[in-house]
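Inspection log for the structure reproduced underneath, given as structure tokens.
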Amino acid sequence: MRSVLAFNDDWLYAPEDLPASAGDAQFTAVTLPHTNIDLPHRNFDNFDYQFISTYRKRFTLPEPLNGRRLYIDFDGAMISATVSINGRVLGDHDGGYVPFSFDLTDYLRDDVSEANLLQVRLDSTERPDIPPYGNVVDYLTFGGIYRDVHLRYVEPVHIEKVFVRTLDVLTDKPRVEADVWVKNQSGSDVTTTLFGNLSWIGENVASEISKNIEVPAGETIKFTLVEEQPKFELWTLDNPVLQDCYISLIQQHVDDQVEVKYAFREAAFKADGFTLNGEHVKLIGLDRHQTYPYIGGAAPERLQRKDADILKHELGTNIVRTSHYPQSPHFLDRCDEIGLLVFEEIPGWQFIGDNDWQALSLRDVESMITRDRNHPSIVLWGVRINESWDDEAFYTATNKLAHELDPTRQTGGVRFFQESQFLEDVFTFNDFSNTIVEPLHTPHLVTEFSGHMFPTKTFDNEERQVEHALRHTRIQNQQFGMRNVTGAIGWCAFDYNTHLNFGSGDRICYHGVMDIFRLPKFAAYFYESQGVETPVVRIASFFTPGDRGVGGIDPFYVFSNCDEVELFFGDESYGRYQPDHENFPNLPHPPFLISGFAHANMWAEQRRDLRVVGYKDGQAAAEQMIAADGVPKQLIMRVDDAELHADGADMTRLVFMITDKYGNRLPYANLVVSFEIEGAGELIGENPFALVGGQAALYVKASKQAGTITVRASAPRLPAAEVTLKSV
């Protein structure tokens, strides 16, 4: 039968181009995912990762072949890989964002006692013949085998791929269709039975479908299984119910089986808005880069899934755009599980290359859709190079291919001018007008706004940080009032590293509503107030009157999903306030403008702390307090997860902040924070850390030994902080 095994352990790495004859002493031991060079979180050159490296792994077969074929599957390697086994070159793969595989079988030493030598020559230079390169690009691709690798044992006759789709789910004749591609690598024609088992969530029954099939030797044939009138629950944003489909090949026994997660849902972009299961949903989202501080793209499963949780549960968005390339399967899996919609697009940025370049881009369309079309979270395919000029022949081909591979989803193509030729199903548009322009084409989806027009750092003055938040607030308010705009996706969720041509001089684009560590700016509070269920009160002020240059804090904004808020200085109330419906009439939860409460220096003269209480249904539901003195009182440290897997790759984020006595970060408290770690792990990042902006993060990485990990942090004039977690 099929057997799929993780193949991330016990690799060797050398940051140079080495032949197979090179000794292992020239390598260091690593575990995948792996970045080809560790970097600071800013102020580095993109040429630092642009070199050829060598990965190798000596291995004996974890299981005997017993007549099976053995494939190696790479989820991603940046950017051009040449793979060999036992001195035999298997082939090249150009492009860092889509998976690729090689059949190892004919070149293996299949005695389980004999070691095989797998070697990967990895070119991580920014090659103009491979998308997204060819011209300038405003983000970094980093290097390394930065996603997972697996070994896949299959019988000579096996299931190559499966596409499960649900159709007519809102009618009285719903159905499931499963396209199954069966590959015959044996030397003779084969007759077998294709069997589908679809289990229903909430039901103690399963639907079974079977079909007798014939597959000629050396061919791959597509077959379709159909189930009429299935029992199901709809996949929704609030109740994202996933179903299981098991596809098997059976003769005397089960020869192969593949499990696919899928869901029942109907998503459609229309002239008058986006509908999910027939109900209009206003899309409010953010763009995401998959890169991280220190490790580039080499984030393990836990960090990938955490990004989806941040977007859904901390930022309250209902859609994310995977700018500007297909992203980690772990991230998409989590979007399926939590009900976060996805607009996924092919690699590229403002440039279309020659015929060979375009052929690679078409390959990316095919690889992206083939890999990801079972994800119910994905509602739109991006089949145009981001912000490129029109190319009728090329984009006719990308759209045609997308519709052939997946007739159930619409296509979009992100452009920067409204007069662009509209070949896709949805006019996806980067709108940097600082408003929402009236659409020329519908369905119309805004896929970027703000971003580079108003980059904002966590250590900028309060006035800029507030204006950054209000720019997102105004645009989203406007699109909520336009029925002919399906939604708006802001640029962007997280700050990211960039090339010399872009950013703020330190090689960071400060375009995110969160910083590069996934920690909030004021703009993040706006999104949180629109989408989360838990009552929140977020004061968009640092309570520092000198920061405004006018000697006071009147007025200031509060982002909240409460019905009303009450202002206190100390224990004295200065009134209740209603949401600003006048200036933000279309938002689910307009911000609160707090003004006219006292003369400018009242709070400073009396040195009373600020408190804002939010009320829902007349009851106090949330509050925030800010200390009047603004003096650093705490070094706060926390980890996202209390437990790691002892696999040598798992990581969790270690957040640290300089705060007032209530835990509010102090953006102008510039201190050096030093860390010590004990136990079964290591710290990834800068240590000591020169903290600017009041907040930052490192990563705690598990070793391969189980045990307790303790991290201690210290900063001048503050009590030390400590956290403990386990590696199991």
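For the structure tokens, the naming scheme is as follows: chains receive sequential letters (A, B, ...) according to their order of presentation, residues are indexed from 1 within each chain, and ligands are indexed from 1 in presentation order.
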
Please list as an mmCIF file with N, CA, C and O atoms, in the first residue's frame every residue within 7 Å of A:Val537, counting only C-alpha atoms and excluding residues in the same chain fewer than 5 positions away.
data_model
loop_
_atom_site.group_PDB
_atom_site.id
_atom_site.type_symbol
_atom_site.label_atom_id
_atom_site.label_comp_id
_atom_site.auth_asym_id
_atom_site.auth_seq_id
_atom_site.Cartn_x
_atom_site.Cartn_y
_atom_site.Cartn_z
ATOM 1 N N VAL A 558 -10.897 55.498 19.814
ATOM 2 C CA VAL A 558 -10.980 54.167 20.409
ATOM 3 C C VAL A 558 -11.610 53.242 19.389
ATOM 4 O O VAL A 558 -12.682 53.537 18.835
ATOM 5 N N PHE A 559 -10.940 52.126 19.116
ATOM 6 C CA PHE A 559 -11.504 51.092 18.244
ATOM 7 C C PHE A 559 -12.139 50.034 19.128
ATOM 8 O O PHE A 559 -11.482 49.457 20.003
ATOM 9 N N SER A 560 -13.426 49.796 18.900
ATOM 10 C CA SER A 560 -14.165 48.876 19.769
ATOM 11 C C SER A 560 -15.381 48.339 19.030
ATOM 12 O O SER A 560 -15.925 48.990 18.139
ATOM 13 N N GLY A 614 -15.833 49.718 27.787
ATOM 14 C CA GLY A 614 -16.798 49.463 26.737
ATOM 15 C C GLY A 614 -18.008 48.722 27.265
ATOM 16 O O GLY A 614 -17.880 47.812 28.105
ATOM 17 N N ALA A 622 -15.625 45.305 28.372
ATOM 18 C CA ALA A 622 -14.187 45.341 28.106
ATOM 19 C C ALA A 622 -13.657 46.686 28.557
ATOM 20 O O ALA A 622 -14.401 47.675 28.620
ATOM 21 N N GLU A 623 -12.375 46.737 28.865
ATOM 22 C CA GLU A 623 -11.777 48.010 29.236
ATOM 23 C C GLU A 623 -10.286 47.999 28.943
ATOM 24 O O GLU A 623 -9.664 46.927 28.784
ATOM 25 N N GLN A 624 -9.722 49.199 28.860
ATOM 26 C CA GLN A 624 -8.274 49.356 28.760
ATOM 27 C C GLN A 624 -7.858 50.507 29.657
ATOM 28 O O GLN A 624 -8.536 51.539 29.722
#

* Contacts of A:Pro443 at 12 Å (only C-alpha atoms; same-chain gap of 5+ positions) as JSON, numbers by chain -> {"A": [268, 269, 270, 271, 272, 273, 274, 275, 410, 411, 412, 422, 424, 425, 426, 427, 428, 429, 438, 482, 483, 484, 485, 486, 487]}

Keeping N, CA and C atoms, export the residues of the selection given above as a short mmCIF file (atom, residue, chain, number, x, y, z; two decimals), in the first residue's frame.
data_model
loop_
_atom_site.label_atom_id
_atom_site.label_comp_id
_atom_site.auth_asym_id
_atom_site.auth_seq_id
_atom_site.Cartn_x
_atom_site.Cartn_y
_atom_site.Cartn_z
N ALA A 268 -19.43 32.75 -4.84
CA ALA A 268 -19.60 33.41 -6.14
C ALA A 268 -19.38 34.91 -6.01
N PHE A 269 -18.57 35.44 -6.91
CA PHE A 269 -18.43 36.89 -7.06
C PHE A 269 -19.41 37.34 -8.14
N LYS A 270 -20.26 38.31 -7.78
CA LYS A 270 -21.30 38.78 -8.69
C LYS A 270 -21.22 40.29 -8.82
N ALA A 271 -21.97 40.83 -9.77
CA ALA A 271 -21.96 42.28 -9.99
C ALA A 271 -22.40 43.04 -8.75
N ASP A 272 -23.27 42.42 -7.94
CA ASP A 272 -23.79 43.12 -6.76
C ASP A 272 -23.19 42.59 -5.47
N GLY A 273 -22.02 41.92 -5.56
CA GLY A 273 -21.34 41.51 -4.33
C GLY A 273 -20.95 40.04 -4.33
N PHE A 274 -20.31 39.64 -3.26
CA PHE A 274 -19.86 38.26 -3.08
C PHE A 274 -20.87 37.52 -2.23
N THR A 275 -21.18 36.28 -2.65
CA THR A 275 -22.09 35.45 -1.87
C THR A 275 -21.40 34.15 -1.47
N GLN A 410 -13.92 30.92 -9.86
CA GLN A 410 -13.68 32.04 -10.76
C GLN A 410 -12.20 32.44 -10.72
N THR A 411 -11.82 33.23 -11.72
CA THR A 411 -10.45 33.72 -11.81
C THR A 411 -10.43 35.23 -11.62
N GLY A 412 -9.31 35.71 -11.14
CA GLY A 412 -9.04 37.14 -11.05
C GLY A 412 -7.63 37.40 -11.52
N PHE A 422 -10.22 43.14 -19.53
CA PHE A 422 -10.87 42.30 -18.52
C PHE A 422 -11.11 40.92 -19.11
N GLU A 424 -10.64 38.02 -17.06
CA GLU A 424 -10.95 37.10 -15.97
C GLU A 424 -12.43 37.20 -15.59
N ASP A 425 -12.80 36.49 -14.56
CA ASP A 425 -14.18 36.51 -14.08
C ASP A 425 -14.43 37.64 -13.08
N VAL A 426 -13.38 38.03 -12.36
CA VAL A 426 -13.48 39.07 -11.35
C VAL A 426 -12.40 40.11 -11.63
N PHE A 427 -12.80 41.39 -11.62
CA PHE A 427 -11.85 42.48 -11.84
C PHE A 427 -11.18 42.78 -10.51
N THR A 428 -10.00 42.21 -10.30
CA THR A 428 -9.26 42.39 -9.06
C THR A 428 -8.28 43.54 -9.26
N PHE A 429 -8.36 44.56 -8.39
CA PHE A 429 -7.77 45.86 -8.68
C PHE A 429 -7.05 46.42 -7.45
N GLU A 438 -15.00 54.32 -8.48
CA GLU A 438 -16.20 53.68 -9.00
C GLU A 438 -15.79 52.63 -10.04
N MET A 482 -20.65 50.26 -0.77
CA MET A 482 -20.75 50.13 -2.23
C MET A 482 -21.13 48.69 -2.57
N ARG A 483 -22.35 48.49 -3.04
CA ARG A 483 -22.82 47.14 -3.35
C ARG A 483 -22.08 46.56 -4.56
N ASN A 484 -21.57 47.45 -5.45
CA ASN A 484 -20.87 46.97 -6.64
C ASN A 484 -19.39 46.73 -6.40
N VAL A 485 -18.96 46.76 -5.14
CA VAL A 485 -17.61 46.37 -4.75
C VAL A 485 -17.74 45.19 -3.80
N THR A 486 -17.15 44.06 -4.17
CA THR A 486 -17.33 42.85 -3.36
C THR A 486 -16.59 42.91 -2.04
N GLY A 487 -15.52 43.72 -1.99
CA GLY A 487 -14.76 43.81 -0.75
C GLY A 487 -13.45 44.52 -0.99
#

* Running DSSP on the backbone, which parts of stretch 33-205 of chain A land in strand (DSSP E or B), as a VMD selection string? -> chain A and resid 52 to 59 69 to 74 78 80 to 85 88 to 94 100 to 103 116 to 123 144 149 to 154 157 to 167 175 to 184 190 to 199

Take the residues from that selection and put them in a file with C-alpha atoms, as a compact mmCIF listing (two decimals), in the first residue's frame.
# COMPACT_ATOMS: atom_id res chain seq x y z
CA ILE A 52 24.42 28.11 -4.59
CA SER A 53 24.22 25.66 -1.71
CA THR A 54 24.22 21.90 -1.40
CA TYR A 55 21.90 19.70 0.60
CA ARG A 56 22.46 15.98 0.98
CA LYS A 57 20.97 13.11 2.90
CA ARG A 58 22.32 9.61 3.36
CA PHE A 59 19.53 7.16 4.04
CA ARG A 69 7.67 2.78 -6.52
CA LEU A 70 9.36 5.38 -4.35
CA TYR A 71 8.96 9.10 -4.94
CA ILE A 72 10.48 12.07 -3.20
CA ASP A 73 8.12 15.05 -2.86
CA PHE A 74 9.41 18.57 -2.22
CA MET A 78 14.04 28.33 -3.49
CA SER A 80 16.18 26.28 -8.73
CA ALA A 81 16.92 22.72 -7.60
CA THR A 82 18.91 19.95 -9.29
CA VAL A 83 18.24 16.62 -7.60
CA SER A 84 20.42 13.51 -7.85
CA ILE A 85 20.40 10.08 -6.24
CA ARG A 88 22.38 9.94 -11.09
CA VAL A 89 20.82 13.34 -11.90
CA LEU A 90 17.03 13.01 -11.76
CA GLY A 91 16.26 16.48 -13.11
CA ASP A 92 15.86 20.19 -12.41
CA HIS A 93 13.01 22.20 -11.00
CA ASP A 94 12.85 25.95 -11.54
CA PHE A 100 7.84 18.98 -7.35
CA SER A 101 8.59 15.26 -7.24
CA PHE A 102 11.04 12.71 -8.60
CA ASP A 103 10.79 8.92 -8.95
CA ASN A 116 21.63 5.97 -0.61
CA LEU A 117 23.02 9.44 -1.24
CA LEU A 118 20.42 12.04 -2.17
CA GLN A 119 21.86 15.41 -3.14
CA VAL A 120 20.25 18.72 -4.04
CA ARG A 121 22.15 21.53 -5.74
CA LEU A 122 20.12 24.62 -4.89
CA ASP A 123 20.59 27.88 -6.76
CA GLY A 144 16.91 26.99 1.12
CA VAL A 149 9.99 16.94 2.09
CA HIS A 150 8.33 13.50 2.05
CA LEU A 151 9.03 10.01 0.80
CA ARG A 152 6.03 8.45 -0.91
CA TYR A 153 5.77 4.69 -1.50
CA VAL A 154 3.08 3.66 -4.00
CA VAL A 157 -0.75 1.16 -10.23
CA HIS A 158 -1.68 4.02 -7.96
CA ILE A 159 -3.76 7.15 -7.51
CA GLU A 160 -1.83 10.13 -8.83
CA LYS A 161 -4.21 12.93 -7.82
CA VAL A 162 -7.80 13.54 -6.73
CA PHE A 163 -10.10 16.52 -7.18
CA VAL A 164 -13.29 16.42 -5.10
CA ARG A 165 -15.88 19.07 -5.84
CA THR A 166 -19.38 19.72 -4.58
CA LEU A 167 -22.01 20.97 -7.01
CA ARG A 175 -23.91 16.04 -5.71
CA VAL A 176 -20.26 15.25 -5.16
CA GLU A 177 -17.93 14.53 -8.06
CA ALA A 178 -14.47 13.08 -7.50
CA ASP A 179 -12.06 13.15 -10.42
CA VAL A 180 -9.40 10.50 -9.87
CA TRP A 181 -6.28 10.11 -11.98
CA VAL A 182 -4.91 6.55 -11.89
CA LYS A 183 -1.36 5.92 -13.06
CA ASN A 184 -0.13 2.56 -14.30
CA VAL A 190 -4.64 -3.53 -15.33
CA THR A 191 -8.28 -4.00 -14.40
CA THR A 192 -9.16 -2.89 -10.88
CA THR A 193 -11.92 -1.30 -8.84
CA LEU A 194 -11.98 2.37 -7.97
CA PHE A 195 -13.76 2.88 -4.68
CA GLY A 196 -14.90 6.07 -2.96
CA ASN A 197 -15.93 6.37 0.67
CA LEU A 198 -17.44 9.70 1.70
CA SER A 199 -18.16 10.03 5.40

* Please provide as an NGL selection string all residues within 8 Å of A:Leu360, with the sequence filter that same-chain residues fewer than 5 positions apart are discarded (counting only C-alpha atoms). => :A and (94-95 or 130-131)

* To do: Would you list the contacts of A:Ile284 as a PyMOL selection string, taking every protein, DNA or RNA residue within 7 Å and counting only C-alpha atoms, but skipping same-chain residues closer than 4 positions in sequence?
  => chain A and resi 317-319+487-489

Got time to write the residues from that selection, all heavy atoms, as a compact mmCIF listing (two decimals), in the first residue's frame?
# COMPACT_ATOMS: atom_id res chain seq x y z
N THR A 317 -10.29 39.37 10.08
CA THR A 317 -10.56 39.40 8.64
C THR A 317 -11.33 38.15 8.22
O THR A 317 -11.33 37.13 8.91
CB THR A 317 -9.26 39.49 7.84
OG1 THR A 317 -8.44 38.34 8.13
CG2 THR A 317 -8.49 40.75 8.19
N ASN A 318 -11.98 38.23 7.06
CA ASN A 318 -12.65 37.04 6.52
C ASN A 318 -12.04 36.56 5.21
O ASN A 318 -12.47 35.54 4.67
CB ASN A 318 -14.16 37.24 6.38
CG ASN A 318 -14.54 38.40 5.48
OD1 ASN A 318 -13.79 38.80 4.59
ND2 ASN A 318 -15.73 38.95 5.71
N ILE A 319 -11.02 37.29 4.69
CA ILE A 319 -10.35 36.85 3.48
C ILE A 319 -8.89 37.29 3.54
O ILE A 319 -8.55 38.32 4.12
CB ILE A 319 -11.03 37.40 2.21
CG1 ILE A 319 -10.45 36.74 0.94
CG2 ILE A 319 -10.94 38.92 2.13
CD1 ILE A 319 -11.24 37.01 -0.32
N GLY A 487 -15.52 43.72 -1.99
CA GLY A 487 -14.76 43.81 -0.75
C GLY A 487 -13.45 44.52 -0.99
O GLY A 487 -13.14 44.97 -2.10
N ALA A 488 -12.66 44.63 0.08
CA ALA A 488 -11.36 45.30 0.00
C ALA A 488 -10.35 44.55 0.86
O ALA A 488 -10.62 44.24 2.02
CB ALA A 488 -11.47 46.76 0.44
N ILE A 489 -9.21 44.27 0.24
CA ILE A 489 -8.11 43.58 0.90
C ILE A 489 -6.97 44.58 1.03
O ILE A 489 -6.44 45.06 0.03
CB ILE A 489 -7.67 42.34 0.10
CG1 ILE A 489 -8.85 41.38 -0.09
CG2 ILE A 489 -6.52 41.64 0.80
CD1 ILE A 489 -8.55 40.21 -1.01

* DSSP says alpha helix (DSSP H) for which residues of stretch 268-458 of chain A? Put them as number ranges by chain? -> A: 301-309, 329-338, 355-372, 392-405

Give me a file of those residues, with N, CA and C atoms, as a compact mmCIF listing (two decimals), in the first residue's frame.
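Written output follows (result-v3.txt):
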# COMPACT_ATOMS: atom_id res chain seq x y z
N GLU A 301 5.36 24.14 10.36
CA GLU A 301 3.89 24.08 10.34
C GLU A 301 3.26 24.98 11.39
N ARG A 302 3.77 24.97 12.59
CA ARG A 302 3.14 25.72 13.68
C ARG A 302 3.06 27.21 13.36
N LEU A 303 4.14 27.79 12.83
CA LEU A 303 4.15 29.21 12.53
C LEU A 303 3.24 29.53 11.35
N GLN A 304 3.18 28.64 10.36
CA GLN A 304 2.30 28.85 9.22
C GLN A 304 0.84 28.87 9.67
N ARG A 305 0.47 27.94 10.49
CA ARG A 305 -0.91 27.88 10.99
C ARG A 305 -1.22 29.08 11.89
N LYS A 306 -0.24 29.52 12.64
CA LYS A 306 -0.44 30.67 13.52
C LYS A 306 -0.80 31.91 12.73
N ASP A 307 -0.19 32.11 11.55
CA ASP A 307 -0.53 33.27 10.73
C ASP A 307 -2.01 33.28 10.36
N ALA A 308 -2.55 32.12 10.02
CA ALA A 308 -3.98 32.06 9.70
C ALA A 308 -4.82 32.42 10.93
N ASP A 309 -4.42 31.93 12.09
CA ASP A 309 -5.14 32.26 13.32
C ASP A 309 -5.08 33.76 13.61
N PRO A 329 1.08 24.76 2.28
CA PRO A 329 -0.12 23.92 2.50
C PRO A 329 -0.60 23.98 3.95
N HIS A 330 0.30 24.14 4.90
CA HIS A 330 -0.11 24.21 6.31
C HIS A 330 -0.96 25.45 6.56
N PHE A 331 -0.59 26.56 5.94
CA PHE A 331 -1.37 27.79 6.08
C PHE A 331 -2.76 27.60 5.49
N LEU A 332 -2.84 27.00 4.31
CA LEU A 332 -4.13 26.79 3.66
C LEU A 332 -4.99 25.79 4.42
N ASP A 333 -4.37 24.75 4.97
CA ASP A 333 -5.13 23.79 5.79
C ASP A 333 -5.80 24.50 6.95
N ARG A 334 -5.06 25.40 7.57
CA ARG A 334 -5.64 26.11 8.72
C ARG A 334 -6.75 27.05 8.29
N CYS A 335 -6.60 27.68 7.13
CA CYS A 335 -7.69 28.52 6.61
C CYS A 335 -8.96 27.70 6.42
N ASP A 336 -8.82 26.47 5.91
CA ASP A 336 -9.97 25.57 5.77
C ASP A 336 -10.63 25.32 7.12
N GLU A 337 -9.81 25.07 8.13
CA GLU A 337 -10.31 24.65 9.44
C GLU A 337 -11.02 25.77 10.19
N ILE A 338 -10.60 27.02 9.98
CA ILE A 338 -11.14 28.11 10.78
C ILE A 338 -12.10 29.00 10.01
N ASN A 355 9.01 33.77 -23.83
CA ASN A 355 8.16 32.58 -23.96
C ASN A 355 8.50 31.51 -22.93
N ASP A 356 9.79 31.31 -22.66
CA ASP A 356 10.18 30.30 -21.67
C ASP A 356 9.71 30.72 -20.28
N TRP A 357 9.84 32.00 -19.97
CA TRP A 357 9.38 32.53 -18.68
C TRP A 357 7.87 32.32 -18.54
N GLN A 358 7.14 32.62 -19.61
CA GLN A 358 5.69 32.45 -19.58
C GLN A 358 5.29 30.99 -19.46
N ALA A 359 6.10 30.10 -20.05
CA ALA A 359 5.82 28.67 -19.91
C ALA A 359 5.95 28.24 -18.45
N LEU A 360 6.95 28.78 -17.74
CA LEU A 360 7.07 28.49 -16.31
C LEU A 360 5.88 29.04 -15.54
N SER A 361 5.41 30.21 -15.93
CA SER A 361 4.26 30.81 -15.25
C SER A 361 3.00 29.96 -15.46
N LEU A 362 2.82 29.45 -16.66
CA LEU A 362 1.70 28.54 -16.91
C LEU A 362 1.85 27.26 -16.09
N ARG A 363 3.08 26.78 -15.98
CA ARG A 363 3.33 25.62 -15.10
C ARG A 363 2.93 25.94 -13.68
N ASP A 364 3.21 27.18 -13.23
CA ASP A 364 2.82 27.58 -11.88
C ASP A 364 1.30 27.59 -11.71
N VAL A 365 0.58 28.05 -12.74
CA VAL A 365 -0.88 28.00 -12.69
C VAL A 365 -1.35 26.57 -12.48
N GLU A 366 -0.79 25.67 -13.27
CA GLU A 366 -1.20 24.26 -13.18
C GLU A 366 -0.83 23.67 -11.83
N SER A 367 0.39 23.91 -11.37
CA SER A 367 0.83 23.34 -10.10
C SER A 367 0.02 23.88 -8.94
N MET A 368 -0.23 25.19 -8.93
CA MET A 368 -0.99 25.80 -7.85
C MET A 368 -2.40 25.22 -7.78
N ILE A 369 -3.08 25.18 -8.90
CA ILE A 369 -4.47 24.73 -8.88
C ILE A 369 -4.56 23.23 -8.60
N THR A 370 -3.67 22.45 -9.19
CA THR A 370 -3.68 21.01 -8.95
C THR A 370 -3.42 20.70 -7.48
N ARG A 371 -2.50 21.44 -6.89
CA ARG A 371 -2.19 21.20 -5.48
C ARG A 371 -3.34 21.62 -4.57
N ASP A 372 -4.01 22.74 -4.87
CA ASP A 372 -4.85 23.42 -3.87
C ASP A 372 -6.34 23.42 -4.15
N GLU A 392 -2.72 39.91 -23.98
CA GLU A 392 -3.93 39.16 -24.29
C GLU A 392 -3.66 37.68 -24.49
N ALA A 393 -2.63 37.35 -25.25
CA ALA A 393 -2.36 35.94 -25.53
C ALA A 393 -2.00 35.18 -24.25
N PHE A 394 -1.11 35.77 -23.46
CA PHE A 394 -0.66 35.12 -22.23
C PHE A 394 -1.81 34.94 -21.25
N TYR A 395 -2.58 35.98 -21.03
CA TYR A 395 -3.64 35.89 -20.03
C TYR A 395 -4.87 35.15 -20.52
N THR A 396 -5.06 35.08 -21.80
CA THR A 396 -6.08 34.17 -22.33
C THR A 396 -5.70 32.74 -22.00
N ALA A 397 -4.41 32.44 -22.13
CA ALA A 397 -3.93 31.08 -21.85
C ALA A 397 -4.01 30.74 -20.37
N THR A 398 -3.65 31.68 -19.49
CA THR A 398 -3.71 31.37 -18.05
C THR A 398 -5.15 31.16 -17.59
N ASN A 399 -6.07 31.97 -18.11
CA ASN A 399 -7.47 31.80 -17.73
C ASN A 399 -8.05 30.50 -18.26
N LYS A 400 -7.73 30.19 -19.50
CA LYS A 400 -8.23 28.94 -20.09
C LYS A 400 -7.74 27.74 -19.28
N LEU A 401 -6.46 27.74 -18.93
CA LEU A 401 -5.91 26.63 -18.17
C LEU A 401 -6.58 26.53 -16.80
N ALA A 402 -6.77 27.66 -16.13
CA ALA A 402 -7.40 27.64 -14.81
C ALA A 402 -8.81 27.06 -14.86
N HIS A 403 -9.58 27.46 -15.85
CA HIS A 403 -10.96 26.95 -15.95
C HIS A 403 -11.00 25.48 -16.32
N GLU A 404 -10.01 25.01 -17.10
CA GLU A 404 -9.96 23.59 -17.40
C GLU A 404 -9.61 22.77 -16.16
N LEU A 405 -8.68 23.27 -15.38
CA LEU A 405 -8.25 22.55 -14.18
C LEU A 405 -9.28 22.60 -13.07

* Contact residues around A:Leu286 with only C-alpha atoms at 8 Å, ignoring same-chain residues under 6 positions, as an NGL selection string -> :A and (311 or 317 or 319-321 or 489-493)

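When the distance limit is 8 Å and only C-alpha atoms are what count, the residues near stretch 668-675 of chain A, minus those fewer than 4 positions from it on the same chain, are Phe459, Pro632, Ile658, Asn687, Pro688, Phe689, Ala690, Leu691, Val692, Gly693, Gly694, Val711, Arg712, Ala713, Ser714, Ala715 and Pro716 of chain A.
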
Can you spit out the residues from that selection as a short mmCIF file (atom, residue, chain, number, x, y, z; two decimals), in the first residue's frame, using N, CA, C and O atoms?
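Result went into out-v7.cif, see below:
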data_model
loop_
_atom_site.label_atom_id
_atom_site.label_comp_id
_atom_site.auth_asym_id
_atom_site.auth_seq_id
_atom_site.Cartn_x
_atom_site.Cartn_y
_atom_site.Cartn_z
N PHE A 459 7.42 52.68 15.94
CA PHE A 459 8.05 53.75 16.70
C PHE A 459 7.84 55.12 16.06
O PHE A 459 8.48 56.10 16.45
N PRO A 632 8.66 53.07 31.96
CA PRO A 632 8.75 51.61 31.86
C PRO A 632 8.70 50.95 33.23
O PRO A 632 9.44 51.32 34.14
N ILE A 658 8.34 46.13 26.40
CA ILE A 658 8.54 47.06 27.50
C ILE A 658 7.22 47.80 27.69
O ILE A 658 6.71 48.42 26.75
N ASN A 687 20.30 38.36 19.78
CA ASN A 687 20.46 38.29 21.23
C ASN A 687 21.87 38.76 21.59
O ASN A 687 22.83 38.09 21.22
N PRO A 688 21.99 39.92 22.28
CA PRO A 688 20.93 40.79 22.80
C PRO A 688 20.20 41.52 21.69
O PRO A 688 20.69 41.63 20.57
N PHE A 689 19.03 42.03 22.05
CA PHE A 689 18.15 42.68 21.07
C PHE A 689 18.01 44.16 21.45
O PHE A 689 17.57 44.49 22.55
N ALA A 690 18.37 45.04 20.50
CA ALA A 690 18.20 46.48 20.71
C ALA A 690 16.76 46.85 20.36
O ALA A 690 16.41 47.05 19.20
N LEU A 691 15.92 46.92 21.38
CA LEU A 691 14.48 47.06 21.16
C LEU A 691 14.12 48.49 20.78
O LEU A 691 14.46 49.44 21.47
N VAL A 692 13.42 48.61 19.66
CA VAL A 692 12.89 49.89 19.18
C VAL A 692 11.41 49.68 18.87
O VAL A 692 11.05 48.75 18.16
N GLY A 693 10.56 50.51 19.42
CA GLY A 693 9.13 50.38 19.19
C GLY A 693 8.37 49.70 20.30
O GLY A 693 7.15 49.56 20.22
N GLY A 694 9.09 49.23 21.30
CA GLY A 694 8.42 48.69 22.48
C GLY A 694 8.02 47.24 22.40
O GLY A 694 7.61 46.66 23.41
N VAL A 711 13.40 30.20 29.29
CA VAL A 711 14.01 31.40 28.72
C VAL A 711 13.89 32.52 29.75
O VAL A 711 12.82 32.74 30.31
N ARG A 712 15.03 33.21 29.98
CA ARG A 712 15.04 34.36 30.88
C ARG A 712 15.46 35.59 30.09
O ARG A 712 16.34 35.52 29.23
N ALA A 713 14.82 36.71 30.41
CA ALA A 713 15.13 37.96 29.72
C ALA A 713 15.39 39.04 30.75
O ALA A 713 14.79 39.06 31.83
N SER A 714 16.31 39.95 30.42
CA SER A 714 16.62 41.06 31.32
C SER A 714 16.83 42.33 30.52
O SER A 714 17.24 42.29 29.35
N ALA A 715 16.51 43.45 31.14
CA ALA A 715 16.72 44.77 30.55
C ALA A 715 17.06 45.72 31.69
O ALA A 715 16.63 45.51 32.84
N PRO A 716 17.84 46.76 31.43
CA PRO A 716 18.25 47.67 32.50
C PRO A 716 17.07 48.26 33.26
O PRO A 716 16.07 48.67 32.67
#
